[in-house]
Each structure stands twice: as structure tokens, then as C-alpha cells.
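J.: Provided below: data.csv, containing CSV, C-alpha atoms.
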```
chain,number,residue,atom,x,y,z
L,1,MET,CA,36.4,75.7,80.0
L,2,SER,CA,38.5,75.3,76.8
L,3,GLU,CA,40.4,78.3,75.4
L,4,ILE,CA,38.8,80.0,72.5
L,5,VAL,CA,40.6,79.4,69.2
L,6,ARG,CA,40.4,82.7,67.2
L,7,THR,CA,39.4,82.7,63.6
L,8,ALA,CA,40.8,85.2,61.0
L,9,ILE,CA,39.6,86.1,57.5
L,10,VAL,CA,42.3,87.4,55.2
L,11,THR,CA,41.1,88.9,51.9
L,12,GLY,CA,43.4,88.5,49.0
L,13,GLY,CA,45.3,85.9,50.9
L,14,SER,CA,46.6,83.7,48.1
L,15,ARG,CA,50.0,85.2,47.6
L,16,GLY,CA,52.4,88.1,48.4
L,17,ILE,CA,51.6,90.1,51.5
L,18,GLY,CA,48.3,88.3,51.9
L,19,ARG,CA,50.0,84.9,52.1
L,20,ALA,CA,52.5,86.2,54.6
L,21,VAL,CA,49.7,87.5,56.8
L,22,CYS,CA,47.9,84.2,56.7
L,23,VAL,CA,51.0,82.3,57.7
L,24,ALA,CA,51.8,84.8,60.5
L,25,LEU,CA,48.3,84.5,61.9
L,26,ALA,CA,48.4,80.7,61.6
L,27,GLY,CA,51.6,80.9,63.7
L,28,LEU,CA,49.5,82.5,66.5
L,29,GLY,CA,47.3,79.4,66.5
L,30,MET,CA,44.4,81.0,64.7
L,31,ASN,CA,42.1,79.3,62.2
L,32,VAL,CA,42.6,81.0,58.9
L,33,VAL,CA,40.1,81.7,56.1
L,34,VAL,CA,42.1,82.4,52.9
L,35,ASN,CA,40.1,84.5,50.5
L,36,TYR,CA,41.1,84.6,46.9
L,37,ALA,CA,39.6,85.9,43.6
L,38,GLY,CA,41.4,84.0,40.9
L,39,SER,CA,44.1,81.4,41.6
L,40,ALA,CA,42.7,78.4,43.5
L,41,ASN,CA,46.1,76.7,43.3
L,42,ALA,CA,47.9,79.6,45.0
L,43,ALA,CA,45.2,79.8,47.6
L,44,GLN,CA,45.6,76.1,48.4
L,45,GLU,CA,49.4,76.6,48.7
L,46,THR,CA,48.7,79.2,51.4
L,47,VAL,CA,46.3,76.9,53.1
L,48,GLU,CA,49.0,74.2,53.2
L,49,LEU,CA,51.6,76.7,54.6
L,50,CYS,CA,49.1,77.5,57.4
L,51,LYS,CA,48.5,73.9,58.2
L,52,GLU,CA,52.3,73.4,58.5
L,53,LYS,CA,52.1,75.9,61.4
L,54,GLY,CA,49.6,73.6,63.0
L,55,ALA,CA,46.6,75.7,62.2
L,56,CYS,CA,43.3,74.9,60.6
L,57,ALA,CA,42.7,76.7,57.3
L,58,ILE,CA,40.4,76.8,54.3
L,59,ALA,CA,40.3,78.7,51.0
L,60,VAL,CA,37.2,80.6,49.9
L,61,GLN,CA,36.8,82.1,46.5
L,62,ALA,CA,34.8,85.3,46.7
L,63,ASP,CA,34.7,88.7,45.0
L,64,VAL,CA,34.9,91.1,48.0
L,65,SER,CA,33.9,94.1,45.9
L,66,THR,CA,30.3,92.8,46.0
L,67,ASP,CA,27.8,92.2,48.8
L,68,GLU,CA,27.1,88.7,47.5
L,69,GLY,CA,30.8,87.8,47.6
L,70,THR,CA,31.4,89.1,51.1
L,71,THR,CA,28.3,87.4,52.3
L,72,ALA,CA,29.5,84.1,50.9
L,73,LEU,CA,32.9,84.6,52.5
L,74,PHE,CA,31.6,85.2,56.0
L,75,ASP,CA,29.0,82.5,55.7
L,76,ALA,CA,31.8,80.0,54.8
L,77,ALA,CA,33.9,81.2,57.8
L,78,ILE,CA,31.0,80.8,60.2
L,79,LYS,CA,30.0,77.4,58.8
L,80,GLU,CA,33.5,76.1,59.2
L,81,PHE,CA,34.7,77.7,62.4
L,82,GLY,CA,31.6,79.2,64.1
L,83,ARG,CA,33.1,82.7,64.6
L,84,VAL,CA,35.2,85.5,63.2
L,85,ASP,CA,37.6,87.3,65.5
L,86,VAL,CA,40.0,88.9,63.1
L,87,LEU,CA,39.5,90.6,59.7
L,88,VAL,CA,42.4,91.6,57.5
L,89,ASN,CA,41.3,93.7,54.6
L,90,ASN,CA,44.2,93.0,52.2
L,91,ALA,CA,42.6,92.5,48.8
L,92,GLY,CA,43.8,95.2,46.4
L,93,ILE,CA,44.4,96.0,42.7
L,94,THR,CA,46.1,98.7,40.8
L,95,ARG,CA,45.2,100.4,37.5
L,96,ASP,CA,48.0,103.0,37.3
L,97,ASN,CA,48.0,106.0,35.1
L,98,LEU,CA,48.2,109.8,35.3
L,99,MET,CA,45.1,111.4,36.6
L,100,MET,CA,44.1,112.9,33.2
L,101,ARG,CA,44.3,109.4,31.7
L,102,ILE,CA,42.6,107.3,34.3
L,103,SER,CA,39.3,106.0,32.9
L,104,GLU,CA,36.2,106.0,35.0
L,105,GLU,CA,36.2,102.2,34.7
L,106,ASP,CA,39.8,102.0,36.1
L,107,PHE,CA,38.9,104.4,38.9
L,108,ASP,CA,35.8,102.4,39.9
L,109,ALA,CA,37.6,99.1,39.7
L,110,VAL,CA,40.3,100.2,42.2
L,111,ILE,CA,37.9,101.9,44.6
L,112,ASN,CA,35.4,99.0,44.5
L,113,THR,CA,38.0,96.3,45.4
L,114,ASN,CA,40.4,98.2,47.7
L,115,LEU,CA,37.9,100.4,49.6
L,116,LYS,CA,34.4,99.3,49.0
L,117,GLY,CA,35.4,95.7,49.6
L,118,ALA,CA,37.0,96.6,52.9
L,119,PHE,CA,33.8,98.5,53.8
L,120,LEU,CA,31.6,95.5,53.0
L,121,CYS,CA,33.8,93.1,55.0
L,122,ALA,CA,34.2,95.4,58.0
L,123,LYS,CA,30.4,96.0,58.1
L,124,LYS,CA,29.8,92.2,58.3
L,125,ALA,CA,32.7,91.7,60.8
L,126,SER,CA,31.6,94.5,63.1
L,127,ARG,CA,28.2,93.0,63.7
L,128,LEU,CA,29.7,89.7,64.7
L,129,MET,CA,32.5,91.2,66.7
L,130,MET,CA,30.2,93.6,68.6
L,131,LYS,CA,28.1,90.6,69.8
L,132,GLN,CA,31.3,88.8,70.8
L,133,ARG,CA,32.6,92.0,72.5
L,134,TYR,CA,35.9,91.1,70.9
L,135,GLY,CA,37.5,91.7,67.5
L,136,ARG,CA,40.4,93.0,65.4
L,137,ILE,CA,39.9,94.8,62.1
L,138,ILE,CA,43.1,95.4,60.3
L,139,SER,CA,43.2,97.1,56.9
L,140,ILE,CA,46.3,97.1,54.6
L,141,SER,CA,46.7,100.6,53.5
L,142,SER,CA,49.9,101.8,51.8
L,143,VAL,CA,52.7,104.4,52.0
L,144,VAL,CA,51.0,105.8,48.9
L,145,GLY,CA,47.9,106.4,50.9
L,146,VAL,CA,50.0,108.5,53.4
L,147,ARG,CA,52.2,110.3,50.9
L,148,GLY,CA,50.4,110.2,47.5
L,149,ASN,CA,52.2,109.1,44.4
L,150,ALA,CA,52.2,110.4,40.8
L,151,GLY,CA,50.3,108.0,38.5
L,152,GLN,CA,48.4,106.4,41.3
L,153,ALA,CA,45.6,108.8,42.2
L,154,ASN,CA,42.9,106.1,42.2
L,155,TYR,CA,45.1,103.7,44.3
L,156,ALA,CA,46.2,106.5,46.7
L,157,ALA,CA,42.6,107.6,47.1
L,158,SER,CA,41.5,104.0,48.0
L,159,LYS,CA,44.4,103.5,50.5
L,160,ALA,CA,43.9,106.9,52.1
L,161,GLY,CA,40.2,106.1,52.4
L,162,LEU,CA,41.1,102.9,54.3
L,163,ILE,CA,42.9,105.1,56.9
L,164,GLY,CA,39.8,107.4,57.4
L,165,MET,CA,37.5,104.4,57.6
L,166,THR,CA,39.8,102.7,60.1
L,167,LYS,CA,39.8,105.7,62.4
L,168,SER,CA,36.0,106.0,62.2
L,169,LEU,CA,35.6,102.3,63.0
L,170,ALA,CA,37.9,102.6,66.0
L,171,LYS,CA,35.6,105.3,67.4
L,172,GLU,CA,32.5,103.3,66.7
L,173,LEU,CA,33.6,99.9,68.0
L,174,GLY,CA,36.1,100.6,70.8
L,175,SER,CA,33.6,100.4,73.6
L,176,ARG,CA,32.7,96.9,72.5
L,177,GLY,CA,36.2,95.5,72.7
L,178,VAL,CA,36.8,95.7,69.0
L,179,THR,CA,40.0,97.5,67.7
L,180,ALA,CA,40.5,98.9,64.2
L,181,ASN,CA,44.0,99.6,62.9
L,182,ALA,CA,45.8,100.0,59.5
L,183,VAL,CA,49.2,98.8,58.3
L,184,ALA,CA,50.8,101.0,55.6
L,185,PRO,CA,53.4,99.0,53.8
L,186,GLY,CA,56.1,100.7,51.8
L,187,PHE,CA,57.6,99.0,48.8
L,188,ILE,CA,57.6,95.3,49.5
L,189,ASP,CA,59.4,92.6,47.4
L,190,THR,CA,56.4,91.1,45.7
L,191,ASP,CA,55.4,90.3,42.1
L,192,MET,CA,54.2,93.8,41.8
L,193,THR,CA,57.5,95.5,42.6
L,194,ARG,CA,59.6,92.9,40.7
L,195,ALA,CA,57.9,94.0,37.6
L,196,LEU,CA,59.3,97.6,38.0
L,197,THR,CA,62.2,98.6,35.8
L,198,ASP,CA,65.7,99.0,37.3
L,199,THR,CA,65.5,102.8,36.9
L,200,VAL,CA,62.2,103.0,38.8
L,201,LYS,CA,63.6,100.7,41.5
L,202,GLU,CA,66.7,102.8,42.0
L,203,SER,CA,64.5,105.9,42.2
L,204,ILE,CA,62.3,104.3,44.9
L,205,LEU,CA,65.3,103.0,46.9
L,206,SER,CA,66.8,106.5,47.0
L,207,GLN,CA,63.7,107.6,49.0
L,208,ILE,CA,63.9,104.8,51.6
L,209,PRO,CA,66.2,105.6,54.6
L,210,MET,CA,66.9,101.9,55.1
L,211,GLY,CA,67.9,101.5,51.5
L,212,SER,CA,66.0,98.3,50.7
L,213,PHE,CA,62.6,96.9,49.9
L,214,GLY,CA,60.7,95.2,52.7
L,215,LYS,CA,59.6,91.5,52.8
L,216,PRO,CA,56.1,90.3,52.9
L,217,GLU,CA,57.0,88.7,56.2
L,218,ASP,CA,57.6,92.2,57.6
L,219,ILE,CA,54.0,93.0,57.0
L,220,GLY,CA,52.8,89.7,58.3
L,221,ALA,CA,54.6,90.3,61.6
L,222,ALA,CA,53.0,93.7,62.0
L,223,VAL,CA,49.5,92.4,61.3
L,224,ALA,CA,50.1,89.5,63.7
L,225,PHE,CA,51.0,91.9,66.5
L,226,LEU,CA,47.9,94.1,65.9
L,227,ALA,CA,45.7,90.9,65.8
L,228,SER,CA,47.2,89.5,69.0
L,229,GLU,CA,45.9,89.8,72.6
L,230,GLN,CA,48.8,92.0,73.4
L,231,ALA,CA,47.5,94.8,71.1
L,232,GLY,CA,44.2,95.1,72.8
L,233,TYR,CA,44.7,98.8,73.8
L,234,ILE,CA,45.9,99.9,70.4
L,235,THR,CA,43.2,101.3,68.1
L,236,GLY,CA,42.7,103.9,65.4
L,237,GLN,CA,46.4,103.8,64.5
L,238,VAL,CA,48.3,103.6,61.2
L,239,LEU,CA,51.5,101.5,61.5
L,240,CYS,CA,53.9,102.4,58.6
L,241,VAL,CA,56.1,99.4,57.7
L,242,ASP,CA,58.1,101.2,55.1
L,243,GLY,CA,61.8,101.5,56.0
L,244,GLY,CA,61.2,105.1,57.0
L,245,MET,CA,59.9,106.2,53.7
L,246,ALA,CA,56.8,108.1,55.0
L,247,MET,CA,58.6,110.1,57.7
```
So that I can check it, write out the structure of this file as C-alpha cells.
T.:
Amino acid sequence: MSEIVRTAIVTGGSRGIGRAVCVALAGLGMNVVVNYAGSANAAQETVELCKEKGACAIAVQADVSTDEGTTALFDAAIKEFGRVDVLVNNAGITRDNLMMRISEEDFDAVINTNLKGAFLCAKKASRLMMKQRYGRIISISSVVGVRGNAGQANYAASKAGLIGMTKSLAKELGSRGVTANAVAPGFIDTDMTRALTDTVKESILSQIPMGSFGKPEDIGAAVAFLASEQAGYITGQVLCVDGGMAM
């Protein structure tokens, strides 16, 4: 009997942390479905990086904040690879402002992509994984979801919501061999953090015991471990990859 090749869906996989996660899972020999919202070129670059690891990979454009989008994403994964073993809820946006200035539209946009999107994907994944009696659901939360952050009430709420949802999923799915965990990155060297002013960067670095920003690959490695066979008895946990910031 041939060994099962696991298949992973990574939402928001075209760049930054999502790309690093895709490449790390490809390194484990998994098939990778790279979900993206906007840049087809960036998504294809991620696909090629996965193929360089010897993995099979495809890019699928889908808006994960909608039921139609998540249905199309999972249908594409099943059509190409026949199964879904790992789901990484990584897609996320920010619309930062002080609470009193956040518009209802900006609140809804962040919650719909970051939290509702993860709910829709996890709902579809859980049905497949329960039948298989195997699965890994990993949601990318944030140190902001653990600590809160001024000017990010909507983002913090969405990321804290992911933690609560993860723990609930772990209790619902554990008896079927499906784990659910969250990774909470700190400040990672991505396009988002590079846009910060030097003053803001210095303020952030002063709060990080290790004194530096993390790399996307740090998050990729953490996700790859939680997605691996070796992490089969770990569920309902939040792994902070933040240089000690959330202690």
C-alpha cells in the first residue's frame, strides 16, 4: 500500500508569512494549495518555490470571506489532489485606527477576512477531516490577539477570536484524530512591518526580549511542526513565535 501524500491548503499564501508556510509544508512532501486574493504572479512564484522542494502545488484565487469563495477553494483542492489533510488559516488584513475612529466598514472587513474566513474554511475542512479521521487545522493568530494593541481593536478582536475558535475546534474534533492549534507571530519582517517608521520600529523592538523582528521562515517552521505527524498529540494550543514579546 502506497504512503498517503498529505495535502495542505494555505489561505493568503502568495507572500510573506503565507509563502513561508507553503514552502515549509512543501518541504515536508505535502501537496500545497496556495490560496490568494489578488496577485496571481505572487501566488505563482510561491507555487514555483514549492515545486523546487519537490512538491506538487497549485494556486487558487478565492475570497475566503465568502462561502462561495471557500467552496471554490476546497472544490479545487479536492479535484486536484483528492483530499485535504492540513488547513492553515493565514489570510488576514488590517484597517488600523483608534477605536473611536474605526468605521463599521473597516471593522467588518477585518472580521470577515481574518475570523469569518477562518470559520468558513475550518467548517469545510472539519467535515472532510472527520471522515478521514485525520487532520490538522492551524490558524495564524497574532501577539496582538494575546496582548491587545492600541489602534488595532478590530485586528486584535479577530486574532483573539481565532484563539477561542481554535480551542473550541480542538474539543470538538479531537476524538476523530483532528488537531486544532494556533500560531501567534510577533513582529515579523514582512512588507507590513517594513512600512513602519523608524520610531515605531524602535518602540516595538524595545518590547521584544530577543531585540529583533522575526523572519517569515520562523513562522513557517512552527506551522510545519504542528502540521507534522510528530505533533499528533498537541491540540488546543497557542504557540507564540514572538521573541518573547507576549510573556
J.: Between atom CA of L:Ile9 and atom CA of L:Cys56, what distance in Å does the model show, to one decimal?
T.: 12.2 Å
J.: Taking all atoms listed in the file into account, name the residue in L:Gln44, L:Thr193, L:Gln132, L:Asn89 that is nearest to L:Thr166.
T.: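 Result for the nearest residue to L:Thr166: L:Asn89.
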J.: For L:Val23, please output as a PDB file with C-alpha atoms, in the frame of the given file all residues within 8 Å (counting only C-alpha atoms; exclusion window: fewer than 4 positions along the same chain).
T.:
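Produced file around.pdb, reproduced below:
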```
ATOM      1  CA  ARG L  19      50.000  84.900  52.100  1.00  0.00           C
ATOM      2  CA  GLY L  27      51.600  80.900  63.700  1.00  0.00           C
ATOM      3  CA  THR L  46      48.700  79.200  51.400  1.00  0.00           C
ATOM      4  CA  LEU L  49      51.600  76.700  54.600  1.00  0.00           C
ATOM      5  CA  CYS L  50      49.100  77.500  57.400  1.00  0.00           C
ATOM      6  CA  LYS L  53      52.100  75.900  61.400  1.00  0.00           C
ATOM      7  CA  GLY L 220      52.800  89.700  58.300  1.00  0.00           C
TER       8      GLY L 220
END
```
J.: What's the 9 Å shell around L:Ala246, counting all atoms listed in the file, without same-chain residues fewer than 6 positions away, as a PyMOL selection string?
T.: chain L and resi 143-144+146-147+186+208+240
J.: Using all atoms listed in the file, what residues lie at most 12 Å away from (33.3, 92.6, 53.5) (file coordinates), given as a ChimeraX atom specification?
T.: /L:9-12,35,62-75,87-91,112-127,137,139
J.: Would you put the residues from that selection into a file with C-alpha atoms, as a short mmCIF file (atom, residue, chain, number, x, y, z; two decimals), in the coordinates of the input?
T.:
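So the final result, stored in selection.cif, reads:
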```cif
data_model
loop_
_atom_site.label_atom_id
_atom_site.label_comp_id
_atom_site.auth_asym_id
_atom_site.auth_seq_id
_atom_site.Cartn_x
_atom_site.Cartn_y
_atom_site.Cartn_z
CA ILE L 9 39.60 86.10 57.50
CA VAL L 10 42.30 87.40 55.20
CA THR L 11 41.10 88.90 51.90
CA GLY L 12 43.40 88.50 49.00
CA ASN L 35 40.10 84.50 50.50
CA ALA L 62 34.80 85.30 46.70
CA ASP L 63 34.70 88.70 45.00
CA VAL L 64 34.90 91.10 48.00
CA SER L 65 33.90 94.10 45.90
CA THR L 66 30.30 92.80 46.00
CA ASP L 67 27.80 92.20 48.80
CA GLU L 68 27.10 88.70 47.50
CA GLY L 69 30.80 87.80 47.60
CA THR L 70 31.40 89.10 51.10
CA THR L 71 28.30 87.40 52.30
CA ALA L 72 29.50 84.10 50.90
CA LEU L 73 32.90 84.60 52.50
CA PHE L 74 31.60 85.20 56.00
CA ASP L 75 29.00 82.50 55.70
CA LEU L 87 39.50 90.60 59.70
CA VAL L 88 42.40 91.60 57.50
CA ASN L 89 41.30 93.70 54.60
CA ASN L 90 44.20 93.00 52.20
CA ALA L 91 42.60 92.50 48.80
CA ASN L 112 35.40 99.00 44.50
CA THR L 113 38.00 96.30 45.40
CA ASN L 114 40.40 98.20 47.70
CA LEU L 115 37.90 100.40 49.60
CA LYS L 116 34.40 99.30 49.00
CA GLY L 117 35.40 95.70 49.60
CA ALA L 118 37.00 96.60 52.90
CA PHE L 119 33.80 98.50 53.80
CA LEU L 120 31.60 95.50 53.00
CA CYS L 121 33.80 93.10 55.00
CA ALA L 122 34.20 95.40 58.00
CA LYS L 123 30.40 96.00 58.10
CA LYS L 124 29.80 92.20 58.30
CA ALA L 125 32.70 91.70 60.80
CA SER L 126 31.60 94.50 63.10
CA ARG L 127 28.20 93.00 63.70
CA ILE L 137 39.90 94.80 62.10
CA SER L 139 43.20 97.10 56.90
#
```
J.: What is the atom CA of L:Gly38 to atom CA of L:Arg136 distance in Å?
T.: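 Taking atom CA of L:Gly38 as the start and atom CA of L:Arg136 as the end point, the length is 26.1 Å.
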J.: Have a look at atom CA of L:Ile140 and atom CA of L:Ala76 and let me know their distance in Å, one decimal.
T.: 22.4 Å
J.: Looking at L:Ala20, L:Ile78, L:Val84, L:Val200, which one is nearest to L:Gly135, with distances taken over all atoms listed in the file?
T.: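 Using all atoms listed in the file, L:Gly135 sits closest to L:Val84.
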J.: Neighbourhood query: residues within 10 Å of (49.5, 108.6, 34.5), file coordinates, counting only C-alpha atoms; return as a count of residues only.
T.: 12
J.: Point out the residue among L:Leu162, L:Ala26, L:Ile138, L:Val5 with the least atom-to-atom distance to L:Arg83, counting all atoms listed in the file.
T.: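 Closest candidate: L:Val5.
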J.: Find, counting only C-alpha atoms, the residue in L:Pro209, L:Gly232, L:Gly177, L:Gly29 that gets nearest to L:Lys131.
T.: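 That would be L:Gly177, the residue with the smallest distance to L:Lys131.
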J.: Restricting the calculation to all atoms listed in the file, which member of L:Ser142, L:Gly243, L:Glu172, L:Asp85 is positioned closest to L:Ser206?
T.: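 Smallest separation from L:Ser206 among the options: L:Gly243.
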J.: If you count only C-alpha atoms, which residues fall within 8 Å of L:Ile111, apart from same-chain ones fewer than 5 positions away, as a list in words?
T.: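 Everything that qualifies: Lys116, Asn154, Tyr155, Ala157 and Ser158 of chain L.
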J.: Store the residues picked out above, limited to C-alpha atoms, as an mmCIF file, in the coordinates of the input.
T.:
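Printed below is out02.cif as written:
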```cif
data_model
loop_
_atom_site.group_PDB
_atom_site.id
_atom_site.type_symbol
_atom_site.label_atom_id
_atom_site.label_comp_id
_atom_site.auth_asym_id
_atom_site.auth_seq_id
_atom_site.Cartn_x
_atom_site.Cartn_y
_atom_site.Cartn_z
ATOM 1 C CA LYS L 116 34.400 99.300 49.000
ATOM 2 C CA ASN L 154 42.900 106.100 42.200
ATOM 3 C CA TYR L 155 45.100 103.700 44.300
ATOM 4 C CA ALA L 157 42.600 107.600 47.100
ATOM 5 C CA SER L 158 41.500 104.000 48.000
#
```
J.: Please provide the set of residues having any atom within 9 Å of L:Met210, restricted to all atoms listed in the file, with same-chain residues fewer than 3 positions apart removed, written as an NGL selection string.
T.: :L and (205 or 207 or 213 or 242-245)
J.: Do you know which residues are at most 12 Å from L:Glu229 counting all atoms listed in the file, after dropping those on the same chain fewer than 3 positions away, and could you put them as a PDB file with C-alpha atoms, in the frame of the given file?
T.:
```pdb
ATOM      1  CA  ARG L   6      40.400  82.700  67.200  1.00  0.00           C
ATOM      2  CA  LEU L  28      49.500  82.500  66.500  1.00  0.00           C
ATOM      3  CA  MET L  30      44.400  81.000  64.700  1.00  0.00           C
ATOM      4  CA  ASP L  85      37.600  87.300  65.500  1.00  0.00           C
ATOM      5  CA  VAL L  86      40.000  88.900  63.100  1.00  0.00           C
ATOM      6  CA  TYR L 134      35.900  91.100  70.900  1.00  0.00           C
ATOM      7  CA  GLY L 135      37.500  91.700  67.500  1.00  0.00           C
ATOM      8  CA  ARG L 136      40.400  93.000  65.400  1.00  0.00           C
ATOM      9  CA  GLY L 177      36.200  95.500  72.700  1.00  0.00           C
ATOM     10  CA  VAL L 178      36.800  95.700  69.000  1.00  0.00           C
ATOM     11  CA  THR L 179      40.000  97.500  67.700  1.00  0.00           C
ATOM     12  CA  ALA L 224      50.100  89.500  63.700  1.00  0.00           C
ATOM     13  CA  PHE L 225      51.000  91.900  66.500  1.00  0.00           C
ATOM     14  CA  LEU L 226      47.900  94.100  65.900  1.00  0.00           C
ATOM     15  CA  GLY L 232      44.200  95.100  72.800  1.00  0.00           C
ATOM     16  CA  TYR L 233      44.700  98.800  73.800  1.00  0.00           C
ATOM     17  CA  ILE L 234      45.900  99.900  70.400  1.00  0.00           C
TER      18      ILE L 234
END
```
J.: Between L:Arg15, L:Lys215, L:Arg176, L:Lys167, which residue has the minimum interatomic distance to L:Val241, considering all atoms listed in the file?
T.: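 So, comparing all the options, the nearest one is L:Lys215.
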